[in-house]
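Accompanying notes for the structure given below.
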Amino acid sequence: MFAELTRETGQNTYSMISMLSLAFEGMGSFCSRQKPYSEADAEENEQAAEIERRIAQETKAEQHIHKLLLLGAGESGKSTIFKQIKLLFQTGFDEAELRSYTSVIHANVYQTIKILYDGAKELGQNESDSSKYVVSIENKEIGEKLSAIGSRLDYPYLTKDIAHEIKTLWKDAAIQETYARGNILQVPDCAQYFMENLERLSEADYVPTKEDVLYARVRTTGVVEIQFSPVGESRKSGEVYRLYDVGGQRNERRKWIHLFEGVTAVIFCAAISEYDQMLFEDETKNRMMETKELFDWVLKQACFEKTSFMLFLNKFDIFEKKVQKVPLNVCEWFKDYQPKASGKHEVEHAYEFVKKKFEELYFQSTKPDCVDRVFKIYRTTALDQKLVKKTFKLVDETLRRRNLIEAGLL
């Protein structure tokens with residue numbers, strides 16, 4: 001019995017060993033079948049790790065890029081500042097980009113002469129001294145033709161013949177009188193520049209110059225951005241900035257909000273020459289009053305409590321000529337202004353008064369716990385390349401100093 005049991009046990013043991021061998025062989029074959037899948041997983045993991053590394057690198061790089069927001073009312077000169085940055089701190093405009101402005105510049109010419117001719121007719125009907133706004137008989141036909149062209153959505157190429165007609169009408173005494181009243185007619189700042197360059201603008205092979213592009217007026221819609229360094233591309237030689245320009249007209253401002261987070265500094269453009277002008281989109285609203293209200297609103301945004309503010313008092317070149325002819329106190333905000341001098345002394349006195357008004361507004365609109373945020377005011381002329389370059393280098397120095405203070409290094 002013992003023998004039978006031993007024999008039976010031995011058989012069972014042999015069977016178990018055989019089964020285990022088969023099982024291990026199966027596992028071995030199973031593992032060998034899985035090997036290609038493990039290699040695929042390893043490859044996927046490596047790719048995922050590489051993506052994560054790149055994201056980390058980009059995130060780190062983004063931390064070194066400071067976000068600047070360019071804000072201001074319509075016609076404040078923001079877009080000209082933006083174009084100057086492209087010219088000064090990037091590669092500028094290539095020939096294709098310059099050529100793309102040809103139609104814009106020609107449109108500016110047609111729009112300007114239409115505004116002036118139609119404005120002369122309006123002033124001739126409404127002003128007491130209406131006779132000085134009456135266009136000469138020989139130029140009326142030209143005026144009607146150009147006004148009709150200016151009303152179109154598609155403007156013809158500016159030929160020599162059309163340019164000659166525009167120049168003739170521009171020189172008409174009534175049109176010059178009307179141009180002197182440009183503040184009430186929405187005459188663009190580029191008017192005189194383009195009228196004085198009509199012959200060149202109408203050349204068959206005309207390619208806009210950099211200066212032409214700076215004068216060209218296109219309303220900004222949506223958001224445009226540019227990345228630059230005021231002292232070079234290397235981060236070792238200066239900070240890197242990403243500047244955002246947005247439309248200044250009222251219907252564009254709803255697009256601003258999503259840009260407000262994570263801003264290093266707001267650059268607010270205020271056209272100080274527009275104290276006697278009305279808004280393009282609302283001819284009952286003074287432009288300077290609109291600028292005041294907009295600046296006040298921006299200052300009070302909670303997301304800007306620790307954001308630096310750079311105020312550009314822009315269009316000083318126009319301001320210094322205008323303020324000697326048009327009293328600053330025609331604007332409701334400046335009604336307490338008292339002229340004290342003449343010539344350059346009066347210009348400086350008037351500028352300091354405007355500057356002080358903006359300073360007072362800043363501190364009135366700033367919460368007590370935010371008074372230590374950086375606030376600087378710069379006198380600017382967006383068309384002056386040297387001045388814009390100098391201004392942005394000062395802005396760069398100010399922001400770098402703030403970064404060092406926040407890092408405890410100063």
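Identifiers for the structure tokens are assigned positionally: chains receive A, B, ... in sequence, residues are indexed from 1 per chain, and ligands are indexed from 1 in the order shown.
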
Excluding same-chain residues fewer than 5 positions from segment 370-382 of chain A, what lies within 8 Å of it counting only C-alpha atoms, as a list in words?
->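 That gives Gly77, Thr80, Ile81, Gln84, Glu305, Lys306, Thr307, Ser308, Phe309, Met310, Leu311, Phe312, Leu313, Asn314, Lys315, Phe316, Asp317, Lys355, Phe363, Leu387, Val388, Thr391 and Arg402 of chain A.
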
Store the residues picked out above, limited to N, CA and C atoms, as a short mmCIF file (atom, residue, chain, number, x, y, z; two decimals), in the first residue's frame.
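Output saved as out24.cif:
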data_model
loop_
_atom_site.label_atom_id
_atom_site.label_comp_id
_atom_site.auth_asym_id
_atom_site.auth_seq_id
_atom_site.Cartn_x
_atom_site.Cartn_y
_atom_site.Cartn_z
N GLY A 77 -2.14 107.71 -30.99
CA GLY A 77 -0.79 107.46 -31.49
C GLY A 77 -0.21 106.12 -31.09
N THR A 80 1.29 104.10 -34.02
CA THR A 80 2.55 104.67 -34.52
C THR A 80 3.70 104.26 -33.61
N ILE A 81 3.45 104.26 -32.31
CA ILE A 81 4.45 103.78 -31.34
C ILE A 81 4.79 102.33 -31.65
N GLN A 84 6.97 102.04 -34.63
CA GLN A 84 8.33 102.49 -34.30
C GLN A 84 9.12 101.37 -33.62
N GLU A 305 -3.39 96.37 -9.78
CA GLU A 305 -3.00 96.93 -8.48
C GLU A 305 -1.49 96.97 -8.28
N LYS A 306 -0.78 96.00 -8.86
CA LYS A 306 0.68 95.96 -8.72
C LYS A 306 1.39 96.19 -10.05
N THR A 307 0.64 96.63 -11.02
CA THR A 307 1.19 96.84 -12.37
C THR A 307 1.80 98.23 -12.52
N SER A 308 2.96 98.29 -13.13
CA SER A 308 3.60 99.59 -13.38
C SER A 308 2.83 100.35 -14.46
N PHE A 309 2.83 101.68 -14.33
CA PHE A 309 2.15 102.52 -15.32
C PHE A 309 3.13 103.50 -15.94
N MET A 310 3.21 103.47 -17.27
CA MET A 310 4.02 104.41 -18.03
C MET A 310 3.07 105.27 -18.86
N LEU A 311 3.00 106.53 -18.54
CA LEU A 311 2.09 107.44 -19.24
C LEU A 311 2.85 108.21 -20.31
N PHE A 312 2.47 108.03 -21.57
CA PHE A 312 3.08 108.75 -22.68
C PHE A 312 2.19 109.93 -23.03
N LEU A 313 2.66 111.13 -22.72
CA LEU A 313 1.94 112.34 -23.14
C LEU A 313 2.40 112.62 -24.56
N ASN A 314 1.60 112.11 -25.50
CA ASN A 314 2.01 112.01 -26.90
C ASN A 314 1.55 113.19 -27.75
N LYS A 315 2.10 113.25 -28.94
CA LYS A 315 1.83 114.31 -29.94
C LYS A 315 2.25 115.69 -29.43
N PHE A 316 3.39 115.71 -28.75
CA PHE A 316 3.89 116.98 -28.24
C PHE A 316 4.22 117.94 -29.38
N ASP A 317 4.66 117.40 -30.52
CA ASP A 317 5.00 118.24 -31.67
C ASP A 317 3.81 119.07 -32.15
N LYS A 355 0.53 117.85 -17.46
CA LYS A 355 1.23 116.77 -16.75
C LYS A 355 0.75 116.67 -15.31
N PHE A 363 -3.08 109.73 -8.73
CA PHE A 363 -3.08 109.52 -7.28
C PHE A 363 -4.50 109.52 -6.70
N LEU A 387 13.45 109.97 -30.24
CA LEU A 387 12.78 110.18 -28.95
C LEU A 387 12.10 108.90 -28.47
N VAL A 388 11.47 108.17 -29.38
CA VAL A 388 10.82 106.91 -29.01
C VAL A 388 11.85 105.90 -28.52
N THR A 391 12.97 106.92 -25.09
CA THR A 391 11.89 106.69 -24.13
C THR A 391 11.81 105.22 -23.73
N ARG A 402 12.85 97.83 -11.09
CA ARG A 402 11.75 97.31 -10.28
C ARG A 402 11.91 95.82 -10.05
#

Which polymer residues have any atom within 12 Å of an atom of Glu293 of chain A, counting only C-alpha atoms, with same-chain residues fewer than 3 positions away left out, as a list in words?
->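 Here the qualifying residues turn out to be Gly72, Ala73, Ala270, Lys285, Asn286, Arg287, Met288, Met289, Glu290, Asp296, Trp297, Val298, Leu299, Lys300, Trp333, Phe358, Leu361, Tyr362 and Ser365 of chain A.
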
Give the strand (DSSP E) residues of segment 103-240 of chain A, as DSSP finds them on the backbone, and put them as a list in words.
-> Val223, Val224, Glu225, Ile226, Gln227, Phe228 and Val240 of chain A

Limited to N, CA and C atoms, could you put the picked residues into a file as a PDB file, in the first residue's frame?
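Output contents, as saved in again01.pdb:
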ATOM      1  N   VAL A 223      -6.275  92.546 -31.810  1.00  0.00           N
ATOM      2  CA  VAL A 223      -5.051  92.639 -31.014  1.00  0.00           C
ATOM      3  C   VAL A 223      -3.851  92.270 -31.879  1.00  0.00           C
ATOM      4  N   VAL A 224      -2.815  93.089 -31.834  1.00  0.00           N
ATOM      5  CA  VAL A 224      -1.553  92.747 -32.511  1.00  0.00           C
ATOM      6  C   VAL A 224      -0.444  92.769 -31.467  1.00  0.00           C
ATOM      7  N   GLU A 225       0.580  91.947 -31.678  1.00  0.00           N
ATOM      8  CA  GLU A 225       1.655  91.866 -30.686  1.00  0.00           C
ATOM      9  C   GLU A 225       3.018  91.821 -31.350  1.00  0.00           C
ATOM     10  N   ILE A 226       4.037  92.184 -30.586  1.00  0.00           N
ATOM     11  CA  ILE A 226       5.403  92.188 -31.079  1.00  0.00           C
ATOM     12  C   ILE A 226       6.342  91.908 -29.907  1.00  0.00           C
ATOM     13  N   GLN A 227       7.395  91.128 -30.150  1.00  0.00           N
ATOM     14  CA  GLN A 227       8.363  90.816 -29.092  1.00  0.00           C
ATOM     15  C   GLN A 227       9.678  91.525 -29.406  1.00  0.00           C
ATOM     16  N   PHE A 228      10.274  92.142 -28.400  1.00  0.00           N
ATOM     17  CA  PHE A 228      11.491  92.919 -28.644  1.00  0.00           C
ATOM     18  C   PHE A 228      12.291  93.107 -27.364  1.00  0.00           C
ATOM     19  N   VAL A 240      13.382  91.153 -22.160  1.00  0.00           N
ATOM     20  CA  VAL A 240      12.626  90.888 -23.383  1.00  0.00           C
ATOM     21  C   VAL A 240      11.164  91.185 -23.096  1.00  0.00           C
TER      22      VAL A 240
END

Using only C-alpha atoms: which of A:Gln301, A:Ser100, A:Asn403, A:Thr398 has the shortest distance to Lys367 of chain A | A:Gln301

Surrounding residues of Tyr351 of chain A excluding itself and chain neighbours under 5 positions, 9 Å, only C-alpha atoms, as an MDAnalysis selection string | chainID A and resid 272 316 319:320 346 356

How far is it from atom CA of Asp384 of chain A to atom CA of Lys340 of chain A, in Å with one decimal?
->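 So the two atoms, atom CA of Asp384 of chain A and atom CA of Lys340 of chain A, lie 28.5 Å apart.
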
Name all residues at most 10 Å from Lys321 of chain A (count only C-alpha atoms; drop same-chain ones fewer than 4 positions away) and give them as a list of chain:residue names.
->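 Neighbouring residues, sequence-local ones excluded: A:Ser273, A:Phe316, A:Asp317, A:Lys325, A:Val326, A:Gly343, A:Lys344, A:Val347.
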
Which residues come within 8 Å of segment 155-171 of chain A, counting only C-alpha atoms, excluding same-chain residues fewer than 4 positions away, as a PyMOL selection string?
-> chain A and resi 103+106-107+110+113+139+142-143+146+149-150+175-176+195+198-199+201-204

Computed gap from atom CA of Arg181 of chain A to atom CA of Val323 of chain A is 14.5 Å
